[in-house]
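Chemist: File follows, coords37.txt with compact mmCIF, C-alpha atoms and all ligand atoms:
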# COMPACT_ATOMS: atom_id res chain seq x y z
CA MET A 1 69.76 106.59 112.75
CA LYS A 2 67.45 106.13 109.77
CA THR A 3 66.46 102.60 108.86
CA GLY A 4 68.75 101.22 106.18
CA THR A 5 71.65 103.61 106.77
CA ARG A 6 74.91 102.28 108.08
CA PRO A 7 76.38 103.84 111.21
CA ASP A 8 79.65 105.64 110.59
CA ILE A 9 81.80 102.93 112.19
CA ALA A 10 85.50 102.94 111.42
CA VAL A 11 88.71 101.33 112.61
CA THR A 12 91.82 103.45 112.95
CA THR A 13 95.09 101.54 112.89
CA PRO A 14 97.26 102.09 115.97
CA ASN A 15 100.47 103.52 114.50
CA ALA A 16 99.82 104.79 111.01
CA LYS A 17 96.34 106.01 111.99
CA LEU A 18 94.92 104.66 108.75
CA ARG A 19 91.15 105.00 108.89
CA LEU A 20 89.25 101.99 107.58
CA SER A 21 85.52 102.54 107.24
CA ALA A 22 82.96 99.80 107.78
CA GLN A 23 82.54 99.72 103.99
CA ASP A 24 86.31 99.24 103.48
CA VAL A 25 86.37 96.36 105.94
CA ILE A 26 83.31 94.66 104.45
CA ALA A 27 84.69 95.05 100.91
CA ASP A 28 87.99 93.52 102.03
CA TYR A 29 86.19 90.65 103.75
CA ARG A 30 84.15 89.92 100.60
CA LEU A 31 87.29 89.95 98.49
CA ALA A 32 89.09 87.60 100.87
CA VAL A 33 86.19 85.13 100.75
CA ARG A 34 86.01 85.28 96.94
CA SER A 35 89.74 84.83 96.63
CA ARG A 36 89.69 81.81 98.95
CA ALA A 37 86.81 80.29 96.95
CA ALA A 38 88.79 80.83 93.73
CA SER A 39 91.80 79.08 95.30
CA GLU A 40 89.74 76.08 96.33
CA LEU A 41 87.98 75.82 92.99
CA SER A 42 91.21 76.09 91.01
CA ARG A 43 92.79 73.38 93.15
CA ARG A 44 89.78 71.14 92.54
CA GLU A 45 89.92 71.77 88.79
CA VAL A 46 93.54 70.63 88.71
CA LEU A 47 92.86 67.55 90.84
CA VAL A 48 90.01 66.37 88.60
CA GLY A 49 92.08 66.98 85.45
CA ASN A 50 90.24 69.97 83.99
CA ALA A 51 93.27 72.27 84.28
CA PRO A 52 96.96 71.48 83.83
CA PHE A 53 98.46 73.11 86.94
CA GLY A 54 97.33 75.51 89.62
CA ILE A 55 98.91 77.13 92.61
CA SER A 56 97.08 79.70 94.64
CA GLY A 57 97.13 82.05 97.59
CA GLU A 58 95.24 80.39 100.45
CA GLY A 59 96.12 81.83 103.83
CA LYS A 60 97.78 84.95 102.46
CA GLU A 61 94.54 86.88 101.86
CA VAL A 62 94.52 89.16 104.88
CA ALA A 63 98.17 90.20 104.71
CA GLN A 64 97.79 91.01 101.05
CA LEU A 65 94.75 93.19 101.69
CA GLY A 66 96.91 95.15 104.13
CA MET A 67 99.59 95.54 101.47
CA ALA A 68 97.03 96.63 98.89
CA HIS A 69 96.00 99.60 101.08
CA ALA A 70 99.53 101.01 100.73
CA PHE A 71 99.83 100.48 96.98
CA ARG A 72 99.32 103.48 94.67
CA ALA A 73 99.08 104.07 90.91
CA GLY A 74 102.60 104.01 89.48
CA ASP A 75 103.89 101.60 92.15
CA TRP A 76 105.24 98.21 91.10
CA ARG A 77 104.80 94.66 92.27
CA SER A 78 107.44 92.00 91.68
CA GLY A 79 106.12 88.91 93.38
CA TYR A 80 105.41 85.22 93.24
CA TYR A 81 102.49 82.86 92.72
CA ARG A 82 100.62 83.50 96.00
CA ASP A 83 99.59 87.10 95.28
CA GLN A 84 96.14 86.80 93.72
CA THR A 85 94.31 88.57 96.58
CA PHE A 86 96.63 91.56 96.31
CA MET A 87 96.20 91.65 92.53
CA PHE A 88 92.41 91.54 92.87
CA ALA A 89 92.44 94.19 95.60
CA VAL A 90 94.47 96.73 93.61
CA GLY A 91 92.44 96.08 90.45
CA LEU A 92 95.27 94.55 88.41
CA ALA A 93 93.52 91.19 87.96
CA ASP A 94 90.03 89.75 88.29
CA LEU A 95 88.41 86.38 88.76
CA SER A 96 87.67 85.76 85.09
CA GLN A 97 91.31 86.48 84.16
CA TYR A 98 92.43 84.19 86.98
CA PHE A 99 90.41 81.29 85.58
CA ALA A 100 91.41 82.12 81.98
CA GLN A 101 95.02 81.63 83.03
CA LEU A 102 94.16 78.44 84.90
CA TYR A 103 92.72 76.96 81.69
CA ALA A 104 95.65 78.32 79.60
CA ASP A 105 93.34 80.48 77.49
CA PRO A 106 95.45 81.80 74.56
CA ASP A 107 93.27 84.93 74.19
CA VAL A 108 95.25 87.95 75.35
CA VAL A 109 92.08 89.82 76.26
CA ARG A 110 90.85 87.04 78.49
CA ASP A 111 94.31 86.34 79.96
CA PRO A 112 96.20 89.65 79.70
CA ASN A 113 98.92 88.32 82.01
CA SER A 114 100.42 85.89 79.54
CA ALA A 115 97.78 84.77 77.01
CA GLY A 116 97.83 81.28 78.49
CA ARG A 117 101.60 80.89 78.29
CA GLN A 118 102.35 81.04 82.01
CA MET A 119 101.08 78.96 84.92
CA LEU A 120 98.27 80.13 87.19
CA SER A 121 98.96 83.22 89.30
CA HIS A 122 101.90 84.30 87.14
CA PHE A 123 100.76 87.90 86.90
CA ALA A 124 101.93 90.72 84.66
CA THR A 125 100.54 94.04 83.54
CA ARG A 126 100.87 95.05 79.90
CA LEU A 127 103.32 97.90 79.38
CA LEU A 128 102.72 98.39 75.65
CA ASP A 129 99.46 99.18 73.89
CA GLU A 130 98.14 97.19 70.92
CA ARG A 131 100.35 99.24 68.56
CA GLY A 132 103.48 98.56 70.58
CA ARG A 133 103.75 102.04 72.15
CA TRP A 134 104.56 102.57 75.82
CA LYS A 135 101.48 103.04 77.95
CA ASP A 136 101.28 105.67 80.69
CA LEU A 137 102.65 103.52 83.51
CA LEU A 138 101.57 106.05 86.12
CA ALA A 139 97.89 105.66 85.32
CA ALA A 140 97.66 102.39 87.29
CA GLY A 141 99.71 100.07 89.45
CA GLN A 142 102.10 97.77 87.58
CA SER A 143 103.25 94.20 87.99
CA ALA A 144 106.49 92.80 86.62
CA SER A 145 105.98 89.47 84.89
CA GLU A 146 106.14 86.51 87.24
CA LEU A 147 109.15 84.21 87.02
CA SER A 148 108.83 80.55 87.99
CA PRO A 149 112.28 79.94 89.55
CA VAL A 150 111.92 80.58 93.28
CA GLY A 151 113.45 83.94 94.26
CA ALA A 152 113.89 85.23 90.69
CA GLN A 153 111.57 88.16 91.35
CA MET A 154 113.99 89.62 93.89
CA PRO A 155 116.76 91.11 91.69
CA ARG A 156 114.06 92.52 89.45
CA SER A 157 112.43 94.21 92.43
CA VAL A 158 115.78 95.81 93.27
CA GLY A 159 116.05 97.13 89.72
CA LEU A 160 112.56 98.58 89.80
CA ALA A 161 113.08 100.30 93.15
CA TRP A 162 116.52 101.52 92.14
CA ALA A 163 114.99 103.09 89.02
CA SER A 164 112.78 105.20 91.31
CA LYS A 165 115.82 106.34 93.22
CA LEU A 166 117.64 107.27 90.02
CA TYR A 167 114.62 109.28 88.89
CA ARG A 168 114.64 111.06 92.25
CA ASP A 169 118.33 111.76 92.44
CA SER A 170 119.30 112.65 88.95
CA PRO A 171 117.74 115.49 86.97
CA ALA A 172 118.60 113.89 83.61
CA PRO A 173 116.10 110.99 83.62
CA ARG A 174 113.35 113.35 84.77
CA THR A 175 113.34 114.94 81.36
CA VAL A 176 112.45 111.62 79.76
CA SER A 177 110.35 110.24 82.59
CA ARG A 178 106.89 111.22 81.28
CA GLY A 179 104.63 108.24 81.81
CA PHE A 180 107.35 106.26 83.60
CA SER A 181 107.95 108.03 86.86
CA ASN A 182 106.64 110.91 88.90
CA ASN A 183 109.98 112.18 90.19
CA GLY A 184 110.83 108.72 91.46
CA GLU A 185 108.01 108.47 94.00
CA GLU A 186 107.10 104.93 92.96
CA VAL A 187 107.60 102.14 95.49
CA CYS A 188 108.24 98.52 94.52
CA PHE A 189 106.47 95.81 96.52
CA ALA A 190 108.24 92.43 96.37
CA THR A 191 106.87 89.18 97.77
CA ILE A 192 108.56 85.85 98.45
CA GLY A 193 107.84 82.66 100.39
CA ASN A 194 109.73 81.72 103.52
CA ALA A 195 111.56 78.84 101.83
CA GLY A 196 112.34 81.03 98.84
CA THR A 197 114.54 83.13 101.12
CA SER A 198 117.11 80.31 101.08
CA GLU A 199 117.99 81.19 97.49
CA GLY A 200 121.24 83.07 96.93
CA ILE A 201 119.56 85.80 94.90
CA PHE A 202 117.35 86.67 97.87
CA TRP A 203 120.42 87.57 99.89
CA GLU A 204 122.14 89.37 97.04
CA SER A 205 119.01 91.44 96.54
CA LEU A 206 118.61 92.23 100.22
CA ASN A 207 122.21 93.33 100.46
CA ALA A 208 121.91 95.51 97.38
CA ALA A 209 118.71 97.08 98.74
CA GLY A 210 120.45 97.88 102.03
CA VAL A 211 123.43 99.44 100.29
CA LEU A 212 121.42 101.37 97.71
CA GLN A 213 118.69 102.52 100.15
CA ILE A 214 115.90 102.15 97.64
CA PRO A 215 112.08 102.33 97.95
CA LEU A 216 111.49 98.59 98.19
CA VAL A 217 109.00 96.89 100.52
CA ILE A 218 109.72 93.16 100.70
CA SER A 219 107.12 90.80 102.17
CA VAL A 220 108.07 87.28 103.20
CA TRP A 221 104.91 85.18 103.46
CA ASP A 222 106.05 82.77 106.18
CA ASP A 223 103.62 79.84 106.27
CA GLY A 224 106.09 77.62 108.07
CA TYR A 225 106.76 75.37 105.07
CA GLY A 226 108.36 75.23 101.64
CA ILE A 227 106.14 72.56 100.04
CA SER A 228 106.50 69.86 102.76
CA VAL A 229 109.76 71.03 104.34
CA PRO A 230 109.27 72.76 107.71
CA ASN A 231 111.16 75.92 108.66
CA GLU A 232 113.38 74.03 111.13
CA LEU A 233 114.86 72.02 108.25
CA GLN A 234 115.03 74.94 105.82
CA THR A 235 116.08 78.12 107.60
CA THR A 236 118.71 78.79 110.28
CA LYS A 237 117.02 79.24 113.68
CA GLY A 238 113.77 78.22 111.93
CA SER A 239 112.96 81.88 111.45
CA ILE A 240 113.82 84.22 108.63
CA SER A 241 112.98 87.21 110.87
CA ALA A 242 115.61 86.09 113.37
CA VAL A 243 118.23 85.60 110.67
CA LEU A 244 117.57 89.01 109.13
CA GLU A 245 118.33 90.91 112.36
CA GLY A 246 121.83 91.82 111.18
CA PHE A 247 120.30 93.86 108.37
CA ARG A 248 118.28 96.01 110.75
CA ARG A 249 118.78 99.76 110.43
CA GLU A 250 120.56 101.30 113.39
CA LYS A 251 119.34 104.57 114.80
CA SER A 252 121.33 106.46 112.24
CA GLY A 253 122.79 105.03 109.09
CA THR A 254 121.81 102.56 106.47
CA GLY A 255 120.20 99.17 106.85
CA LEU A 256 116.69 97.86 106.46
CA ASP A 257 113.62 98.47 108.60
CA LEU A 258 112.21 95.12 109.69
CA TYR A 259 108.65 94.41 110.82
CA THR A 260 107.10 91.11 111.87
CA VAL A 261 103.32 90.83 111.91
CA LYS A 262 100.75 88.05 112.18
CA GLY A 263 99.47 87.55 108.66
CA HIS A 264 95.91 87.01 109.86
CA ASP A 265 95.78 90.22 111.91
CA TYR A 266 93.96 92.54 109.49
CA VAL A 267 94.46 95.81 111.36
CA ALA A 268 98.13 95.08 112.10
CA CYS A 269 98.77 94.22 108.44
CA CYS A 270 97.07 97.40 107.20
CA ASP A 271 99.06 99.36 109.76
CA VAL A 272 102.51 97.95 109.07
CA TYR A 273 102.45 98.53 105.32
CA GLN A 274 101.54 102.19 105.83
CA ILE A 275 104.42 102.54 108.23
CA ALA A 276 106.85 100.76 105.90
CA VAL A 277 105.92 102.98 102.97
CA GLU A 278 105.92 106.17 105.06
CA ARG A 279 109.32 105.32 106.41
CA ASP A 280 110.66 105.16 102.93
CA LEU A 281 109.03 108.45 102.05
CA VAL A 282 110.42 110.10 105.14
CA ASP A 283 113.85 109.13 103.84
CA VAL A 284 112.95 110.53 100.45
CA ALA A 285 111.84 113.74 102.06
CA ALA A 286 115.06 113.96 104.02
CA GLY A 287 117.04 113.45 100.84
CA ASP A 288 115.12 116.27 99.22
CA VAL A 289 115.86 118.80 101.89
CA VAL A 290 118.93 120.77 100.93
CA VAL A 291 121.43 118.81 103.11
CA PRO A 292 122.05 115.52 101.27
CA LEU A 293 121.55 112.48 103.51
CA ASP A 294 125.02 111.13 102.98
CA HIS A 295 126.83 114.33 103.88
CA ARG A 296 124.73 115.85 106.60
CA ASP A 297 126.23 116.23 110.05
CA ASP A 298 124.51 114.73 113.10
CA ALA A 299 123.06 118.00 114.34
CA ALA A 300 121.52 118.80 110.96
CA ALA A 301 120.19 115.26 110.70
CA ARG A 302 118.60 115.47 114.13
CA THR A 303 116.94 118.76 113.34
CA LEU A 304 115.70 117.40 110.09
CA ASP A 305 114.41 114.20 111.67
CA GLU A 306 112.64 116.27 114.30
CA ARG A 307 111.02 118.42 111.64
CA LEU A 308 109.92 115.40 109.67
CA ALA A 309 108.66 113.65 112.78
CA ARG A 310 106.65 116.75 113.62
CA ALA A 311 105.17 116.96 110.13
CA LEU A 312 104.22 113.31 110.33
CA GLN A 313 102.70 113.77 113.76
CA VAL A 314 100.69 116.83 112.76
CA GLU A 315 99.33 115.42 109.55
CA GLY A 316 99.28 111.65 110.12
CA PRO A 317 101.25 109.32 107.83
CA SER A 318 98.67 108.98 105.07
CA ALA A 319 98.10 112.70 104.59
CA PHE A 320 101.84 113.32 104.87
CA ARG A 321 102.55 110.70 102.24
CA ASP A 322 99.92 112.07 99.86
CA ARG A 323 101.30 115.58 100.28
CA VAL A 324 104.85 114.38 99.57
CA ARG A 325 103.62 112.62 96.48
CA SER A 326 101.67 115.54 95.10
CA ALA A 327 104.28 118.19 95.92
CA PRO A 328 106.17 119.77 93.01
CA PRO A 329 109.77 118.51 92.78
CA ASP A 330 111.30 121.51 94.49
CA ALA A 331 108.74 121.95 97.25
CA ARG A 332 109.89 121.49 100.80
CA VAL A 333 107.97 118.68 102.45
CA ASP A 334 109.03 118.83 106.07
CA ASP A 335 106.81 121.81 106.80
CA PRO A 336 103.19 120.81 107.48
CA ARG A 337 102.02 124.23 106.33
CA GLY A 338 103.82 123.69 103.04
CA ASP A 339 104.51 127.41 102.69
CA ARG A 340 108.27 127.34 102.23
CA GLY A 341 110.01 126.03 99.16
CA HIS A 342 113.44 124.55 98.53
CA ALA A 343 114.46 127.59 96.62
CA ASP A 344 113.90 129.75 99.73
CA ALA A 345 115.83 127.32 101.88
CA ARG A 346 118.69 127.28 99.40
CA ARG A 347 118.72 131.09 99.27
CA ALA A 348 118.75 131.25 103.06
CA ARG A 349 121.80 129.00 103.22
CA ALA A 350 123.68 130.79 100.44
C1 LIG B 1 114.86 77.48 91.82
C2 LIG B 1 113.63 76.63 92.11
N1 LIG B 1 113.75 75.52 92.87
C3 LIG B 1 112.65 74.76 93.14
C4 LIG B 1 111.43 75.13 92.63
C5 LIG B 1 110.20 74.31 92.96
N2 LIG B 1 109.37 75.00 93.94
C6 LIG B 1 108.27 75.70 93.60
S1 LIG B 1 107.50 76.36 94.90
C7 LIG B 1 108.64 75.75 95.97
C8 LIG B 1 108.50 75.97 97.46
C9 LIG B 1 108.51 77.42 97.82
O1 LIG B 1 108.17 77.54 99.20
P1 LIG B 1 107.99 78.97 99.83
O2 LIG B 1 109.02 79.88 99.30
O3 LIG B 1 107.89 78.81 101.31
O4 LIG B 1 106.61 79.44 99.22
P2 LIG B 1 105.11 78.96 99.57
O5 LIG B 1 104.68 78.19 98.36
O6 LIG B 1 105.15 78.15 100.83
O7 LIG B 1 104.33 80.21 99.75
C10 LIG B 1 109.60 75.02 95.32
C11 LIG B 1 110.72 74.32 95.97
C12 LIG B 1 111.37 76.30 91.83
N3 LIG B 1 110.19 76.75 91.34
N4 LIG B 1 112.46 77.03 91.60
MG MG B 2 106.18 78.67 102.51
Turn the structure described in the file into structure tokens.
Ligand SMILES: Cc1ncc(C[n+]2csc(CCOP(=O)(O)OP(=O)(O)O)c2C)c(N)n1
Ligand SMILES: [Mg+2]
Modeler:
Amino acid sequence: MKTGTRPDIAVTTPNAKLRLSAQDVIADYRLAVRSRAASELSRREVLVGNAPFGISGEGKEVAQLGMAHAFRAGDWRSGYYRDQTFMFAVGLADLSQYFAQLYADPDVVRDPNSAGRQMLSHFATRLLDERGRWKDLLAAGQSASELSPVGAQMPRSVGLAWASKLYRDSPAPRTVSRGFSNNGEEVCFATIGNAGTSEGIFWESLNAAGVLQIPLVISVWDDGYGISVPNELQTTKGSISAVLEGFRREKSGTGLDLYTVKGHDYVACCDVYQIAVERDLVDVAAGDVVVPLDHRDDAAARTLDERLARALQVEGPSAFRDRVRSAPPDARVDDPRGDRGHADARRARA
């Protein structure tokens, strides 16, 4: 090894096989430290009276870095006030914008989230250009505007994810989807605190997501408290994971896939978001293969699942996901060689 060069060290996550280079890990570590420093400074500025109000994302840094690795241009975030690390990591916010919002700077360039009108960490991307025309929403990730009432981001996240499904399923919106959707491949990432899950709209949203089977990845940042109220006094069984078990997807059929990870386990967090997003895309792929999900018989479903499992195994989840995303709308995605199209499959069945 030459002096000054870095050895090619990498971590590969256990299930999704996501490869994180030494540079990736160091960049994430730096970002986590900067984000924590910003949290502490903003808190101090509020306590000494230099800023009106501030609420920040201490303790959620590592989990959000994991989430950021699964986020792609065109995807949406609908979250709450703890998400600064994620926003920094995916390039939708930076430190100077964070502090501009803390000091309620009314300049829209310095605080593009809300021009000083919203509290700290109330993020939003701008959907219109300076002349009021729609921007190309696929050119970058997007964030719905933060809402202050606890849980209010949840129904919105259902709407965003459902829009993707409508773009996938129905040919009509595709004709007007330029700049809004790439055949419905966009995933919505929602975040909520553990105490926020006690709100009625959380449960309504979860139920709707389970019924609609939409590309929605919901993260509950469980820090054990809602302000000063501990989980035991807030949530049945003291655990939102335990309560959610009834929503879990059975081997076949609808439901939600549930994952519980330690929020400070960097590799596990990176891993689980890849899996969650792939899982959704596997379902998308299944829906795209001639036999519609809702009407397929068990034998067809098994064959299809086997084919998809094989494609995933051969390519690895990340490559599989990228191929699904870049495939033309009528390409068949369960074949790792990618040499057979839907049209052929349809002809063969006719
Ligand atoms: C409907 C509603 N009720 C109460 C509040 C006040 N409030 C703001 S944050 C919060 C606690 C949220 O706790 P949790 O969901 O666990 O999030 P954490 O801050 O711990 O990440 C409360 C009660 C609010 N914003 N909206
Ligand atoms: Mg909490």
Chemist: For ligand LIG 1 (chain B), which residue out of A:Met119, A:Ala276, A:Val261, A:Val217 is the nearest one, using only C-alpha atoms and all ligand atoms?
Modeler: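 The closest residue to ligand LIG 1 (chain B) is A:Met119.
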Chemist: Of the candidates A:Ala139, A:Ala195, A:Val25, A:Val46, which one gets nearest to ligand MG 2 (chain B) if we count all atoms listed in the file?
Modeler: A:Ala195
Chemist: List as a list in words the protein and nucleic acid residues near Ala115 in chain A, meaning an atom at most 9 Å away when all atoms listed in the file are counted, but skip any in the same chain fewer than 5 places from it.
Modeler: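 With the cut-off at 9 Å, the set is Ala100, Gln101, Ala104, Asp105, Pro106, Asp107, Val108, Val109 and Arg110 of chain A.
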Chemist: Please find the residues contacting ligand LIG 1 (chain B) at a distance of at most 6 Å between atoms, with only C-alpha atoms and all ligand atoms counted, and report them as a list in words.
Modeler: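 Based on only C-alpha atoms and all ligand atoms, ligand LIG 1 (chain B) is surrounded within 6 Å by Ser148, Pro149, Val150, Gly193, Asn194, Ala195, Gly196, Asp223, Tyr225, Gly226 and Ile227 of chain A.
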Chemist: Could you tell me how far CA of Asp169 in chain A sits from CA of Leu206 in chain A, in Å to one decimal place?
Modeler: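 Separating CA of Leu206 in chain A from CA of Asp169 in chain A is a distance of 21.0 Å.
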Chemist: Could you give me, as number ranges by chain, every polymer residue with an atom at most 12 Å away from an atom of ligand MG 2 (chain B), counting all atoms listed in the file?
Modeler: A: 57-60, 80-82, 150, 191-198, 220-231, 234-235, 239-240
Chemist: Which residues are close to Asn50 in chain A, i.e. within 12 Å by all atoms listed in the file, leaving aside same-chain residues fewer than 3 positions away? Reply as a ChimeraX atom specification.
Modeler: /A:41-47,53-54,99,102-104
Chemist: Kindly add all heavy atoms to the incomplete range 32-41 of chain A and provide the output as a PDB file, in the frame of the given file.
Modeler:
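rebuild_16.pdb written:
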ATOM      1  N   ALA A  32      88.345  88.727 100.295  1.00  0.00           N
ATOM      2  CA  ALA A  32      89.090  87.600 100.870  1.00  0.00           C
ATOM      3  C   ALA A  32      88.316  86.296 100.675  1.00  0.00           C
ATOM      4  O   ALA A  32      88.890  85.263 100.304  1.00  0.00           O
ATOM      5  CB  ALA A  32      89.354  87.856 102.359  1.00  0.00           C
ATOM      6  N   VAL A  33      87.010  86.347 100.893  1.00  0.00           N
ATOM      7  CA  VAL A  33      86.190  85.130 100.750  1.00  0.00           C
ATOM      8  C   VAL A  33      86.178  84.673  99.291  1.00  0.00           C
ATOM      9  O   VAL A  33      86.360  83.489  98.982  1.00  0.00           O
ATOM     10  CB  VAL A  33      84.751  85.389 101.263  1.00  0.00           C
ATOM     11  CG1 VAL A  33      83.835  84.227 100.920  1.00  0.00           C
ATOM     12  CG2 VAL A  33      84.770  85.641 102.767  1.00  0.00           C
ATOM     13  N   ARG A  34      86.019  85.627  98.372  1.00  0.00           N
ATOM     14  CA  ARG A  34      86.010  85.280  96.940  1.00  0.00           C
ATOM     15  C   ARG A  34      87.355  84.689  96.516  1.00  0.00           C
ATOM     16  O   ARG A  34      87.417  83.724  95.757  1.00  0.00           O
ATOM     17  CB  ARG A  34      85.745  86.527  96.097  1.00  0.00           C
ATOM     18  CG  ARG A  34      84.314  86.967  96.164  1.00  0.00           C
ATOM     19  CD  ARG A  34      83.957  87.872  94.990  1.00  0.00           C
ATOM     20  NE  ARG A  34      82.547  88.188  95.101  1.00  0.00           N
ATOM     21  CZ  ARG A  34      82.069  89.420  95.219  1.00  0.00           C
ATOM     22  NH1 ARG A  34      82.879  90.438  95.212  1.00  0.00           N
ATOM     23  NH2 ARG A  34      80.777  89.617  95.344  1.00  0.00           N
ATOM     24  N   SER A  35      88.409  85.293  97.013  1.00  0.00           N
ATOM     25  CA  SER A  35      89.740  84.830  96.630  1.00  0.00           C
ATOM     26  C   SER A  35      89.974  83.410  97.150  1.00  0.00           C
ATOM     27  O   SER A  35      90.520  82.553  96.442  1.00  0.00           O
ATOM     28  CB  SER A  35      90.785  85.796  97.197  1.00  0.00           C
ATOM     29  OG  SER A  35      92.059  85.410  96.810  1.00  0.00           O
ATOM     30  N   ARG A  36      89.536  83.163  98.388  1.00  0.00           N
ATOM     31  CA  ARG A  36      89.690  81.810  98.950  1.00  0.00           C
ATOM     32  C   ARG A  36      88.874  80.802  98.136  1.00  0.00           C
ATOM     33  O   ARG A  36      89.335  79.696  97.839  1.00  0.00           O
ATOM     34  CB  ARG A  36      89.258  81.803 100.420  1.00  0.00           C
ATOM     35  CG  ARG A  36      89.279  80.441 101.088  1.00  0.00           C
ATOM     36  CD  ARG A  36      90.685  79.869 101.185  1.00  0.00           C
ATOM     37  NE  ARG A  36      91.553  80.651 102.047  1.00  0.00           N
ATOM     38  CZ  ARG A  36      91.760  80.404 103.335  1.00  0.00           C
ATOM     39  NH1 ARG A  36      91.194  79.377 103.907  1.00  0.00           N
ATOM     40  NH2 ARG A  36      92.571  81.177 104.045  1.00  0.00           N
ATOM     41  N   ALA A  37      87.657  81.196  97.747  1.00  0.00           N
ATOM     42  CA  ALA A  37      86.810  80.290  96.950  1.00  0.00           C
ATOM     43  C   ALA A  37      87.487  80.004  95.608  1.00  0.00           C
ATOM     44  O   ALA A  37      87.473  78.856  95.127  1.00  0.00           O
ATOM     45  CB  ALA A  37      85.429  80.914  96.747  1.00  0.00           C
ATOM     46  N   ALA A  38      88.101  81.028  95.015  1.00  0.00           N
ATOM     47  CA  ALA A  38      88.790  80.830  93.730  1.00  0.00           C
ATOM     48  C   ALA A  38      89.957  79.855  93.913  1.00  0.00           C
ATOM     49  O   ALA A  38      90.186  78.972  93.076  1.00  0.00           O
ATOM     50  CB  ALA A  38      89.307  82.159  93.199  1.00  0.00           C
ATOM     51  N   SER A  39      90.678  79.987  95.030  1.00  0.00           N
ATOM     52  CA  SER A  39      91.800  79.080  95.300  1.00  0.00           C
ATOM     53  C   SER A  39      91.305  77.637  95.368  1.00  0.00           C
ATOM     54  O   SER A  39      91.878  76.728  94.756  1.00  0.00           O
ATOM     55  CB  SER A  39      92.462  79.416  96.637  1.00  0.00           C
ATOM     56  OG  SER A  39      93.022  80.689  96.611  1.00  0.00           O
ATOM     57  N   GLU A  40      90.227  77.449  96.121  1.00  0.00           N
ATOM     58  CA  GLU A  40      89.740  76.080  96.330  1.00  0.00           C
ATOM     59  C   GLU A  40      89.215  75.481  95.030  1.00  0.00           C
ATOM     60  O   GLU A  40      89.458  74.319  94.715  1.00  0.00           O
ATOM     61  CB  GLU A  40      88.686  76.070  97.445  1.00  0.00           C
ATOM     62  CG  GLU A  40      89.359  76.266  98.799  1.00  0.00           C
ATOM     63  CD  GLU A  40      88.398  76.479  99.952  1.00  0.00           C
ATOM     64  OE1 GLU A  40      87.174  76.502  99.716  1.00  0.00           O
ATOM     65  OE2 GLU A  40      88.895  76.639 101.087  1.00  0.00           O
ATOM     66  N   LEU A  41      88.519  76.318  94.262  1.00  0.00           N
ATOM     67  CA  LEU A  41      87.980  75.820  92.990  1.00  0.00           C
ATOM     68  C   LEU A  41      89.103  75.490  92.016  1.00  0.00           C
ATOM     69  O   LEU A  41      89.062  74.460  91.327  1.00  0.00           O
ATOM     70  CB  LEU A  41      87.030  76.876  92.399  1.00  0.00           C
ATOM     71  CG  LEU A  41      86.274  76.477  91.133  1.00  0.00           C
ATOM     72  CD1 LEU A  41      85.509  75.171  91.318  1.00  0.00           C
ATOM     73  CD2 LEU A  41      85.295  77.586  90.738  1.00  0.00           C
TER      74      LEU A  41
END
